[in-house]
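Just structure_16.txt here, compact mmCIF, N, CA and C atoms and all ligand atoms:
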```
# COMPACT_ATOMS: atom_id res chain seq x y z
N MET A 1 -128.09 36.82 61.83
CA MET A 1 -128.34 35.48 61.29
C MET A 1 -127.27 35.10 60.28
N GLY A 2 -126.06 35.44 60.57
CA GLY A 2 -125.02 35.11 59.61
C GLY A 2 -124.35 33.79 59.89
N ARG A 3 -125.11 32.89 60.47
CA ARG A 3 -124.49 31.62 60.83
C ARG A 3 -124.32 30.71 59.64
N LEU A 4 -123.28 29.93 59.70
CA LEU A 4 -123.09 28.93 58.67
C LEU A 4 -124.12 27.82 58.86
N LEU A 5 -124.61 27.36 57.76
CA LEU A 5 -125.53 26.24 57.84
C LEU A 5 -124.72 24.96 57.72
N LEU A 6 -124.48 24.35 58.83
CA LEU A 6 -123.71 23.13 58.81
C LEU A 6 -124.63 21.92 58.77
N VAL A 7 -124.29 21.01 57.90
CA VAL A 7 -125.03 19.77 57.82
C VAL A 7 -124.51 18.84 58.92
N SER A 8 -125.41 18.27 59.67
CA SER A 8 -125.00 17.30 60.67
C SER A 8 -125.42 15.92 60.17
N LEU A 9 -124.45 15.07 60.02
CA LEU A 9 -124.76 13.74 59.49
C LEU A 9 -125.46 12.92 60.56
N PRO A 10 -126.62 12.38 60.25
CA PRO A 10 -127.31 11.53 61.23
C PRO A 10 -126.51 10.27 61.53
N ALA A 11 -126.61 9.82 62.75
CA ALA A 11 -125.90 8.60 63.14
C ALA A 11 -126.51 7.40 62.44
N THR A 12 -125.70 6.69 61.75
CA THR A 12 -126.18 5.50 61.05
C THR A 12 -125.48 4.24 61.56
N GLY A 13 -124.55 4.42 62.45
CA GLY A 13 -123.72 3.30 62.87
C GLY A 13 -122.38 3.31 62.16
N ALA A 14 -122.32 4.00 61.03
CA ALA A 14 -121.05 4.10 60.32
C ALA A 14 -120.20 5.18 60.98
N ALA A 15 -118.91 5.01 60.89
CA ALA A 15 -118.01 6.04 61.40
C ALA A 15 -118.19 7.32 60.58
N ILE A 16 -118.07 8.44 61.26
CA ILE A 16 -118.19 9.73 60.59
C ILE A 16 -116.83 10.43 60.64
N TYR A 17 -116.41 10.92 59.48
CA TYR A 17 -115.17 11.69 59.44
C TYR A 17 -115.49 13.15 59.71
N ARG A 18 -114.73 13.72 60.64
CA ARG A 18 -114.94 15.11 61.05
C ARG A 18 -113.66 15.89 60.81
N CYS A 19 -113.84 17.18 60.61
CA CYS A 19 -112.69 18.07 60.55
C CYS A 19 -111.98 18.01 61.90
N LYS A 20 -110.69 17.79 61.87
CA LYS A 20 -109.98 17.63 63.14
C LYS A 20 -109.81 18.97 63.85
N HIS A 21 -109.98 20.05 63.13
CA HIS A 21 -109.80 21.37 63.73
C HIS A 21 -111.07 21.89 64.39
N CYS A 22 -112.22 21.54 63.85
CA CYS A 22 -113.44 22.15 64.37
C CYS A 22 -114.59 21.16 64.53
N ASP A 23 -114.36 19.89 64.32
CA ASP A 23 -115.38 18.86 64.56
C ASP A 23 -116.54 18.86 63.58
N THR A 24 -116.46 19.63 62.55
CA THR A 24 -117.54 19.65 61.57
C THR A 24 -117.63 18.30 60.85
N HIS A 25 -118.84 17.79 60.72
CA HIS A 25 -119.03 16.53 60.01
C HIS A 25 -118.68 16.69 58.53
N LEU A 26 -118.04 15.68 57.99
CA LEU A 26 -117.62 15.76 56.59
C LEU A 26 -118.12 14.61 55.73
N ALA A 27 -118.05 13.40 56.24
CA ALA A 27 -118.41 12.26 55.39
C ALA A 27 -118.56 10.99 56.24
N TYR A 28 -119.27 10.04 55.67
CA TYR A 28 -119.38 8.72 56.29
C TYR A 28 -118.25 7.81 55.80
N ALA A 29 -117.80 6.97 56.69
CA ALA A 29 -116.81 5.98 56.27
C ALA A 29 -117.37 5.06 55.19
N THR A 30 -118.68 4.89 55.19
CA THR A 30 -119.29 4.02 54.18
C THR A 30 -119.26 4.64 52.79
N ASP A 31 -118.92 5.91 52.70
CA ASP A 31 -118.80 6.56 51.40
C ASP A 31 -117.37 6.55 50.86
N ILE A 32 -116.50 5.85 51.57
CA ILE A 32 -115.13 5.73 51.06
C ILE A 32 -115.11 4.78 49.88
N ILE A 33 -114.54 5.27 48.80
CA ILE A 33 -114.39 4.42 47.61
C ILE A 33 -113.06 3.69 47.66
N SER A 34 -112.03 4.41 48.11
CA SER A 34 -110.71 3.80 48.15
C SER A 34 -109.86 4.45 49.23
N ARG A 35 -109.08 3.62 49.90
CA ARG A 35 -108.12 4.14 50.88
C ARG A 35 -106.70 4.12 50.34
N MET A 36 -106.58 3.90 49.05
CA MET A 36 -105.25 3.70 48.46
C MET A 36 -104.63 4.98 47.94
N PHE A 37 -105.24 6.10 48.22
CA PHE A 37 -104.73 7.34 47.66
C PHE A 37 -103.69 7.98 48.56
N ARG A 38 -102.92 8.85 47.95
CA ARG A 38 -101.92 9.59 48.70
C ARG A 38 -102.00 11.06 48.34
N CYS A 39 -101.72 11.88 49.31
CA CYS A 39 -101.56 13.30 49.01
C CYS A 39 -100.18 13.68 49.51
N LYS A 40 -99.87 14.95 49.45
CA LYS A 40 -98.50 15.34 49.79
C LYS A 40 -98.17 15.09 51.25
N HIS A 41 -99.18 14.96 52.08
CA HIS A 41 -98.92 14.71 53.51
C HIS A 41 -98.90 13.23 53.84
N GLY A 42 -99.33 12.41 52.93
CA GLY A 42 -99.38 10.99 53.24
C GLY A 42 -100.70 10.39 52.77
N LYS A 43 -101.34 9.67 53.66
CA LYS A 43 -102.54 8.94 53.28
C LYS A 43 -103.71 9.86 52.96
N ALA A 44 -104.49 9.44 51.99
CA ALA A 44 -105.70 10.17 51.64
C ALA A 44 -106.74 9.16 51.19
N TYR A 45 -108.01 9.50 51.41
CA TYR A 45 -109.09 8.60 51.03
C TYR A 45 -109.93 9.25 49.94
N LEU A 46 -110.47 8.40 49.08
CA LEU A 46 -111.39 8.87 48.05
C LEU A 46 -112.82 8.65 48.53
N PHE A 47 -113.60 9.72 48.59
CA PHE A 47 -114.98 9.65 49.07
C PHE A 47 -115.96 9.92 47.92
N ALA A 48 -117.07 9.23 47.97
CA ALA A 48 -118.11 9.45 46.97
C ALA A 48 -118.83 10.77 47.21
N LYS A 49 -119.00 11.13 48.47
CA LYS A 49 -119.67 12.40 48.75
C LYS A 49 -119.24 12.94 50.09
N MET A 50 -119.34 14.23 50.20
CA MET A 50 -118.96 14.92 51.42
C MET A 50 -119.92 16.06 51.67
N VAL A 51 -119.97 16.50 52.91
CA VAL A 51 -120.80 17.65 53.24
C VAL A 51 -119.91 18.71 53.90
N ASN A 52 -120.44 19.90 53.98
CA ASN A 52 -119.76 21.00 54.70
C ASN A 52 -118.40 21.37 54.13
N VAL A 53 -118.27 21.28 52.82
CA VAL A 53 -117.02 21.73 52.21
C VAL A 53 -117.33 22.79 51.16
N THR A 54 -116.40 23.70 51.02
CA THR A 54 -116.47 24.66 49.92
C THR A 54 -115.32 24.35 48.98
N VAL A 55 -115.48 24.74 47.74
CA VAL A 55 -114.44 24.43 46.76
C VAL A 55 -113.70 25.69 46.35
N GLY A 56 -112.44 25.51 46.04
CA GLY A 56 -111.60 26.62 45.60
C GLY A 56 -111.61 26.73 44.09
N GLU A 57 -110.59 27.35 43.59
CA GLU A 57 -110.53 27.56 42.15
C GLU A 57 -110.14 26.31 41.40
N LYS A 58 -110.74 26.19 40.24
CA LYS A 58 -110.46 25.06 39.38
C LYS A 58 -109.05 25.17 38.82
N GLU A 59 -108.35 24.07 38.80
CA GLU A 59 -107.01 24.08 38.19
C GLU A 59 -106.65 22.72 37.63
N GLU A 60 -105.66 22.74 36.74
CA GLU A 60 -105.17 21.49 36.16
C GLU A 60 -103.98 21.02 36.98
N ARG A 61 -104.00 19.73 37.31
CA ARG A 61 -102.87 19.21 38.07
C ARG A 61 -102.40 17.89 37.50
N ALA A 62 -101.10 17.74 37.49
CA ALA A 62 -100.53 16.46 37.06
C ALA A 62 -100.43 15.55 38.28
N MET A 63 -101.18 14.49 38.28
CA MET A 63 -101.13 13.50 39.35
C MET A 63 -100.32 12.30 38.85
N THR A 64 -100.09 11.39 39.75
CA THR A 64 -99.37 10.19 39.34
C THR A 64 -100.14 9.42 38.29
N THR A 65 -101.45 9.60 38.26
CA THR A 65 -102.27 8.88 37.30
C THR A 65 -102.64 9.75 36.10
N GLY A 66 -101.95 10.86 35.93
CA GLY A 66 -102.20 11.69 34.76
C GLY A 66 -102.78 13.05 35.11
N TRP A 67 -103.15 13.79 34.07
CA TRP A 67 -103.67 15.14 34.28
C TRP A 67 -105.12 15.09 34.73
N HIS A 68 -105.41 15.90 35.71
CA HIS A 68 -106.79 16.01 36.19
C HIS A 68 -107.16 17.47 36.38
N THR A 69 -108.42 17.76 36.20
CA THR A 69 -108.95 19.06 36.60
C THR A 69 -109.51 18.88 38.01
N VAL A 70 -109.00 19.66 38.91
CA VAL A 70 -109.39 19.50 40.32
C VAL A 70 -109.66 20.88 40.92
N CYS A 71 -110.25 20.87 42.10
CA CYS A 71 -110.29 22.10 42.88
C CYS A 71 -110.10 21.70 44.34
N ASP A 72 -109.42 22.52 45.08
CA ASP A 72 -109.22 22.24 46.49
C ASP A 72 -110.55 22.32 47.23
N ILE A 73 -110.64 21.57 48.31
CA ILE A 73 -111.84 21.66 49.14
C ILE A 73 -111.44 22.13 50.54
N PHE A 74 -112.35 22.90 51.12
CA PHE A 74 -112.08 23.51 52.41
C PHE A 74 -113.26 23.27 53.35
N CYS A 75 -112.93 23.13 54.61
CA CYS A 75 -113.96 23.04 55.63
C CYS A 75 -114.73 24.37 55.66
N VAL A 76 -116.07 24.30 55.62
CA VAL A 76 -116.84 25.55 55.60
C VAL A 76 -116.75 26.28 56.94
N ALA A 77 -116.48 25.53 57.99
CA ALA A 77 -116.49 26.16 59.31
C ALA A 77 -115.16 26.85 59.63
N CYS A 78 -114.04 26.17 59.38
CA CYS A 78 -112.75 26.75 59.78
C CYS A 78 -111.86 27.09 58.59
N GLY A 79 -112.26 26.67 57.41
CA GLY A 79 -111.52 27.08 56.23
C GLY A 79 -110.25 26.30 55.95
N CYS A 80 -109.98 25.25 56.70
CA CYS A 80 -108.74 24.52 56.45
C CYS A 80 -108.87 23.70 55.17
N ASN A 81 -107.75 23.48 54.56
CA ASN A 81 -107.70 22.72 53.32
C ASN A 81 -107.78 21.22 53.64
N LEU A 82 -108.81 20.58 53.16
CA LEU A 82 -109.04 19.18 53.51
C LEU A 82 -108.56 18.22 52.44
N GLY A 83 -108.41 18.72 51.25
CA GLY A 83 -108.03 17.84 50.15
C GLY A 83 -108.45 18.48 48.84
N TRP A 84 -108.99 17.69 47.94
CA TRP A 84 -109.45 18.27 46.67
C TRP A 84 -110.57 17.43 46.11
N LYS A 85 -111.19 18.00 45.09
CA LYS A 85 -112.26 17.31 44.39
C LYS A 85 -111.85 17.14 42.94
N TYR A 86 -112.11 15.95 42.39
CA TYR A 86 -111.82 15.73 40.99
C TYR A 86 -112.99 16.23 40.15
N LEU A 87 -112.70 17.10 39.23
CA LEU A 87 -113.74 17.59 38.33
C LEU A 87 -113.71 16.84 37.00
N ALA A 88 -112.52 16.58 36.53
CA ALA A 88 -112.40 15.85 35.26
C ALA A 88 -111.06 15.17 35.20
N ALA A 89 -111.04 14.07 34.49
CA ALA A 89 -109.79 13.34 34.28
C ALA A 89 -109.58 13.19 32.78
N VAL A 90 -108.34 13.32 32.36
CA VAL A 90 -108.04 13.17 30.95
C VAL A 90 -108.08 11.70 30.55
N ASP A 91 -107.46 10.89 31.39
CA ASP A 91 -107.40 9.46 31.10
C ASP A 91 -108.75 8.81 31.39
N LYS A 92 -109.25 8.07 30.43
CA LYS A 92 -110.56 7.43 30.59
C LYS A 92 -110.61 6.50 31.80
N THR A 93 -109.48 5.85 32.08
CA THR A 93 -109.49 4.90 33.19
C THR A 93 -109.58 5.61 34.54
N GLN A 94 -109.37 6.91 34.55
CA GLN A 94 -109.40 7.65 35.81
C GLN A 94 -110.72 8.42 35.99
N ARG A 95 -111.65 8.24 35.05
CA ARG A 95 -112.87 9.06 35.08
C ARG A 95 -113.80 8.68 36.21
N TYR A 96 -113.60 7.53 36.81
CA TYR A 96 -114.45 7.15 37.94
C TYR A 96 -114.28 8.12 39.11
N LYS A 97 -113.21 8.87 39.09
CA LYS A 97 -112.94 9.80 40.19
C LYS A 97 -113.64 11.14 40.01
N GLU A 98 -114.19 11.36 38.85
CA GLU A 98 -114.81 12.66 38.59
C GLU A 98 -115.99 12.90 39.52
N GLY A 99 -116.00 14.06 40.12
CA GLY A 99 -117.06 14.38 41.07
C GLY A 99 -116.83 13.82 42.46
N LYS A 100 -115.69 13.13 42.65
CA LYS A 100 -115.39 12.52 43.95
C LYS A 100 -114.37 13.38 44.71
N PHE A 101 -114.23 13.05 45.97
CA PHE A 101 -113.44 13.90 46.85
C PHE A 101 -112.25 13.15 47.45
N ILE A 102 -111.13 13.81 47.48
CA ILE A 102 -109.96 13.29 48.19
C ILE A 102 -109.85 14.02 49.53
N LEU A 103 -109.78 13.22 50.57
CA LEU A 103 -109.69 13.79 51.90
C LEU A 103 -108.34 13.43 52.50
N ASP A 104 -107.61 14.45 52.88
CA ASP A 104 -106.32 14.26 53.53
C ASP A 104 -106.56 13.63 54.90
N ARG A 105 -106.01 12.44 55.08
CA ARG A 105 -106.29 11.70 56.31
C ARG A 105 -105.80 12.45 57.55
N ARG A 106 -104.81 13.30 57.37
CA ARG A 106 -104.28 14.00 58.53
C ARG A 106 -105.16 15.15 59.00
N GLU A 107 -106.10 15.55 58.17
CA GLU A 107 -106.94 16.68 58.51
C GLU A 107 -108.26 16.27 59.14
N VAL A 108 -108.47 14.98 59.26
CA VAL A 108 -109.77 14.52 59.74
C VAL A 108 -109.62 13.48 60.85
N LEU A 109 -110.68 13.36 61.60
CA LEU A 109 -110.77 12.33 62.63
C LEU A 109 -112.00 11.50 62.35
N ALA A 110 -111.90 10.22 62.61
CA ALA A 110 -113.06 9.36 62.43
C ALA A 110 -113.66 9.05 63.79
N THR A 111 -114.96 9.17 63.87
CA THR A 111 -115.61 8.79 65.11
C THR A 111 -116.77 7.87 64.79
N THR A 112 -116.94 6.91 65.63
CA THR A 112 -118.09 6.04 65.47
C THR A 112 -119.29 6.77 66.03
N SER A 113 -120.36 6.75 65.28
CA SER A 113 -121.55 7.46 65.73
C SER A 113 -122.18 6.73 66.90
N THR A 114 -123.12 7.38 67.52
CA THR A 114 -123.62 6.92 68.81
C THR A 114 -124.59 5.75 68.73
N VAL A 115 -125.00 5.41 67.54
CA VAL A 115 -125.87 4.24 67.40
C VAL A 115 -125.12 3.00 67.89
N ALA A 116 -125.81 2.19 68.64
CA ALA A 116 -125.18 0.97 69.14
C ALA A 116 -124.76 0.10 67.96
N VAL A 117 -123.49 -0.13 67.90
CA VAL A 117 -122.97 -0.90 66.79
C VAL A 117 -122.75 -2.34 67.23
N ALA A 118 -123.31 -3.24 66.49
CA ALA A 118 -123.07 -4.65 66.78
C ALA A 118 -121.62 -4.96 66.52
N THR A 119 -121.01 -5.64 67.43
CA THR A 119 -119.59 -5.93 67.27
C THR A 119 -119.40 -7.06 66.27
N THR A 120 -119.32 -6.66 65.04
CA THR A 120 -119.07 -7.65 64.00
C THR A 120 -117.60 -7.97 63.97
N ASN A 121 -117.30 -9.19 63.95
CA ASN A 121 -115.90 -9.59 63.96
C ASN A 121 -115.38 -9.62 62.53
N SER A 122 -114.87 -8.51 62.11
CA SER A 122 -114.44 -8.41 60.72
C SER A 122 -113.02 -8.92 60.53
N SER A 123 -112.35 -9.20 61.61
CA SER A 123 -110.98 -9.65 61.45
C SER A 123 -110.86 -11.16 61.53
N GLY A 124 -111.96 -11.82 61.33
CA GLY A 124 -111.94 -13.28 61.40
C GLY A 124 -111.25 -13.87 60.20
N GLY A 125 -111.15 -15.13 60.17
CA GLY A 125 -110.56 -15.74 59.00
C GLY A 125 -109.49 -16.75 59.34
N GLY A 126 -108.88 -16.64 60.49
CA GLY A 126 -107.91 -17.66 60.85
C GLY A 126 -108.53 -18.60 61.85
N GLY A 127 -108.31 -19.84 61.70
CA GLY A 127 -108.88 -20.78 62.66
C GLY A 127 -108.04 -20.81 63.90
N GLY A 128 -108.02 -21.90 64.55
CA GLY A 128 -106.98 -22.15 65.50
C GLY A 128 -107.09 -21.52 66.85
N GLY A 129 -108.24 -21.21 67.37
CA GLY A 129 -108.31 -20.74 68.74
C GLY A 129 -108.73 -21.85 69.67
N GLY A 130 -107.89 -22.77 69.86
CA GLY A 130 -108.26 -23.93 70.66
C GLY A 130 -108.33 -23.60 72.13
N GLY A 131 -109.32 -24.11 72.81
CA GLY A 131 -109.45 -23.81 74.21
C GLY A 131 -108.97 -24.92 75.12
N ASP A 132 -108.31 -25.87 74.58
CA ASP A 132 -107.84 -26.98 75.39
C ASP A 132 -106.70 -26.56 76.31
N GLU A 133 -106.71 -27.14 77.46
CA GLU A 133 -105.61 -26.80 78.37
C GLU A 133 -104.36 -27.60 78.02
N ASP A 134 -104.57 -28.85 77.73
CA ASP A 134 -103.45 -29.66 77.29
C ASP A 134 -103.43 -29.72 75.77
N ASP A 135 -102.57 -28.92 75.18
CA ASP A 135 -102.51 -29.07 73.74
C ASP A 135 -101.15 -29.60 73.33
N ASP A 136 -100.85 -30.76 73.84
CA ASP A 136 -99.61 -31.39 73.41
C ASP A 136 -99.76 -32.01 72.05
N ASP A 137 -100.99 -32.16 71.64
CA ASP A 137 -101.21 -32.78 70.34
C ASP A 137 -101.81 -31.73 69.39
N HIS A 138 -100.95 -31.13 68.59
CA HIS A 138 -101.42 -30.08 67.68
C HIS A 138 -102.04 -30.71 66.46
N GLN A 139 -103.31 -30.54 66.34
CA GLN A 139 -103.97 -31.16 65.20
C GLN A 139 -104.02 -30.23 64.00
N SER A 140 -104.05 -28.97 64.25
CA SER A 140 -104.16 -28.05 63.11
C SER A 140 -103.05 -27.02 63.18
N GLU A 141 -101.90 -27.46 62.94
CA GLU A 141 -100.76 -26.55 62.93
C GLU A 141 -100.77 -25.70 61.69
N GLU A 142 -100.33 -24.48 61.85
CA GLU A 142 -100.16 -23.63 60.69
C GLU A 142 -98.69 -23.57 60.38
N ASP A 143 -98.35 -24.27 59.36
CA ASP A 143 -96.94 -24.34 59.00
C ASP A 143 -96.61 -23.19 58.06
N SER A 144 -95.69 -22.41 58.47
CA SER A 144 -95.38 -21.22 57.67
C SER A 144 -94.28 -21.46 56.67
N ASP A 145 -93.91 -22.67 56.50
CA ASP A 145 -92.87 -22.92 55.52
C ASP A 145 -93.33 -23.98 54.53
ZN ZN B 1 -112.98 22.68 60.16
```
How does the structure come out when it is put into structure tokens?
Amino acid sequence: MGRLLLVSLPATGAAIYRCKHCDTHLAYATDIISRMFRCKHGKAYLFAKMVNVTVGEKEERAMTTGWHTVCDIFCVACGCNLGWKYLAAVDKTQRYKEGKFILDRREVLATTSTVAVATTNSSGGGGGGGGDEDDDDHQSEEDSD
């Protein structure tokens, strides 16, 4: 009975981030706080919570936003390094990150869960899809100059 107890995130309709090496569930896309982070490999996301990770040793690191106490996080199933967790920030303006997780975008895959997702058109915002066959008369031109 030495099996790892893996948490399986229930399908909520939100995309689920999985370890790209072993498919272990890690976090919901809805728990992303920010996509503006970077790690040494490139893009990284800040998550409010994650499952199925173990933490490494606590250490002090100088980030672009100042000194932080962090620990690396690892997939419990395959042990790969997924990113890190912020334990403490010196700068008060960075304290919102404490207890949050940075996930290296290259180490994870996002999958939409199996719940039927209503196709919400989130990319809307521009008008101008005229269905006329003869549109010699442009009434709503978008002038880019
Ligand atoms: Zn893994």
Go through the chains and note each residue within 6.5 Å of ligand ZN 1 (chain B), using only N, CA and C atoms and all ligand atoms, then give the set as a short mmCIF file (atom, residue, chain, number, x, y, z; two decimals) with N, CA and C atoms, in the frame of the given file.
```cif
data_model
loop_
_atom_site.label_atom_id
_atom_site.label_comp_id
_atom_site.auth_asym_id
_atom_site.auth_seq_id
_atom_site.Cartn_x
_atom_site.Cartn_y
_atom_site.Cartn_z
N CYS A 19 -113.84 17.18 60.61
CA CYS A 19 -112.69 18.07 60.55
C CYS A 19 -111.98 18.01 61.90
N LYS A 20 -110.69 17.79 61.87
CA LYS A 20 -109.98 17.63 63.14
C LYS A 20 -109.81 18.97 63.85
N HIS A 21 -109.98 20.05 63.13
CA HIS A 21 -109.80 21.37 63.73
C HIS A 21 -111.07 21.89 64.39
N CYS A 22 -112.22 21.54 63.85
CA CYS A 22 -113.44 22.15 64.37
C CYS A 22 -114.59 21.16 64.53
N ASP A 23 -114.36 19.89 64.32
CA ASP A 23 -115.38 18.86 64.56
C ASP A 23 -116.54 18.86 63.58
N THR A 24 -116.46 19.63 62.55
CA THR A 24 -117.54 19.65 61.57
C THR A 24 -117.63 18.30 60.85
N CYS A 75 -112.93 23.13 54.61
CA CYS A 75 -113.96 23.04 55.63
C CYS A 75 -114.73 24.37 55.66
N VAL A 76 -116.07 24.30 55.62
CA VAL A 76 -116.84 25.55 55.60
C VAL A 76 -116.75 26.28 56.94
N ALA A 77 -116.48 25.53 57.99
CA ALA A 77 -116.49 26.16 59.31
C ALA A 77 -115.16 26.85 59.63
N CYS A 78 -114.04 26.17 59.38
CA CYS A 78 -112.75 26.75 59.78
C CYS A 78 -111.86 27.09 58.59
N GLY A 79 -112.26 26.67 57.41
CA GLY A 79 -111.52 27.08 56.23
C GLY A 79 -110.25 26.30 55.95
N CYS A 80 -109.98 25.25 56.70
CA CYS A 80 -108.74 24.52 56.45
C CYS A 80 -108.87 23.70 55.17
#
```
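The closest residue to Asn52 of chain A, picked from A:Ala11, A:Ala89, A:Leu109, A:Arg18 and counting only C-alpha atoms, is A:Arg18.
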Among the residues A:Ala44, A:Val55, A:Ile16, A:Ala88, the one that comes closest to Val70 of chain A [using all atoms listed in the file]
A:Ala88
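If you look at atom CA of His41 of chain A and atom N of Thr65 of chain A, they are 16.3 Å away from each other.
Using only N, CA and C atoms, the shortest contact distance between Glu107 of chain A and any of A:Leu82, A:Glu57, A:Met36, A:Leu6 is found at A:Leu82.
From atom C of Ala48 of chain A back to atom N of Tyr28 of chain A, the distance works out to 8.5 Å.
Atom C of Ala15 of chain A to atom CA of Asp31 of chain A spans 9.2 Å [interatomic distance, one decimal].
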DSSP says strand (DSSP E) for which residues of segment 3-73 of chain A? Put them as a ChimeraX atom specification?
/A:15-19,25-28,32-39,42-47,53-63,66-73
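Each of A:Arg106, A:Arg35, A:Lys100, A:Lys85 was compared to Lys49 of chain A using all atoms listed in the file, and A:Lys100 turns out to be the nearest.
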Shortest interatomic distance to Gly83 of chain A - which of A:Val51, A:Leu26, A:Met63, A:Cys39, counting only C-alpha atoms
A:Cys39
Taking only N, CA and C atoms into account, name the residue in A:Thr54, A:Ser8, A:Ile102, A:Lys92 that is nearest to Phe37 of chain A.
A:Ile102
For a cutoff of 6.5 Å around the file-coordinate point (-106.0, 12.3, 55.0), which residues qualify once you count all atoms listed in the file? I'd like the result as JSON, numbers by chain.
{"A": [42, 43, 44, 45, 103, 104, 105, 106, 107, 108]}
Neighbouring residues of Val7 of chain A were defined as those with any atom within 7 Å, considering all atoms listed in the file; residues of the same chain fewer than 2 positions away were excluded. Please report them as a ChimeraX atom specification.
/A:4-5,9-10,25,51-52
Could the residues in this selection be saved with N, CA and C atoms as a short mmCIF file (atom, residue, chain, number, x, y, z; two decimals), keeping the file's coordinate frame?
```
data_model
loop_
_atom_site.label_atom_id
_atom_site.label_comp_id
_atom_site.auth_asym_id
_atom_site.auth_seq_id
_atom_site.Cartn_x
_atom_site.Cartn_y
_atom_site.Cartn_z
N LEU A 4 -123.28 29.93 59.70
CA LEU A 4 -123.09 28.93 58.67
C LEU A 4 -124.12 27.82 58.86
N LEU A 5 -124.61 27.36 57.76
CA LEU A 5 -125.53 26.24 57.84
C LEU A 5 -124.72 24.96 57.72
N LEU A 9 -124.45 15.07 60.02
CA LEU A 9 -124.76 13.74 59.49
C LEU A 9 -125.46 12.92 60.56
N PRO A 10 -126.62 12.38 60.25
CA PRO A 10 -127.31 11.53 61.23
C PRO A 10 -126.51 10.27 61.53
N HIS A 25 -118.84 17.79 60.72
CA HIS A 25 -119.03 16.53 60.01
C HIS A 25 -118.68 16.69 58.53
N VAL A 51 -119.97 16.50 52.91
CA VAL A 51 -120.80 17.65 53.24
C VAL A 51 -119.91 18.71 53.90
N ASN A 52 -120.44 19.90 53.98
CA ASN A 52 -119.76 21.00 54.70
C ASN A 52 -118.40 21.37 54.13
#
```
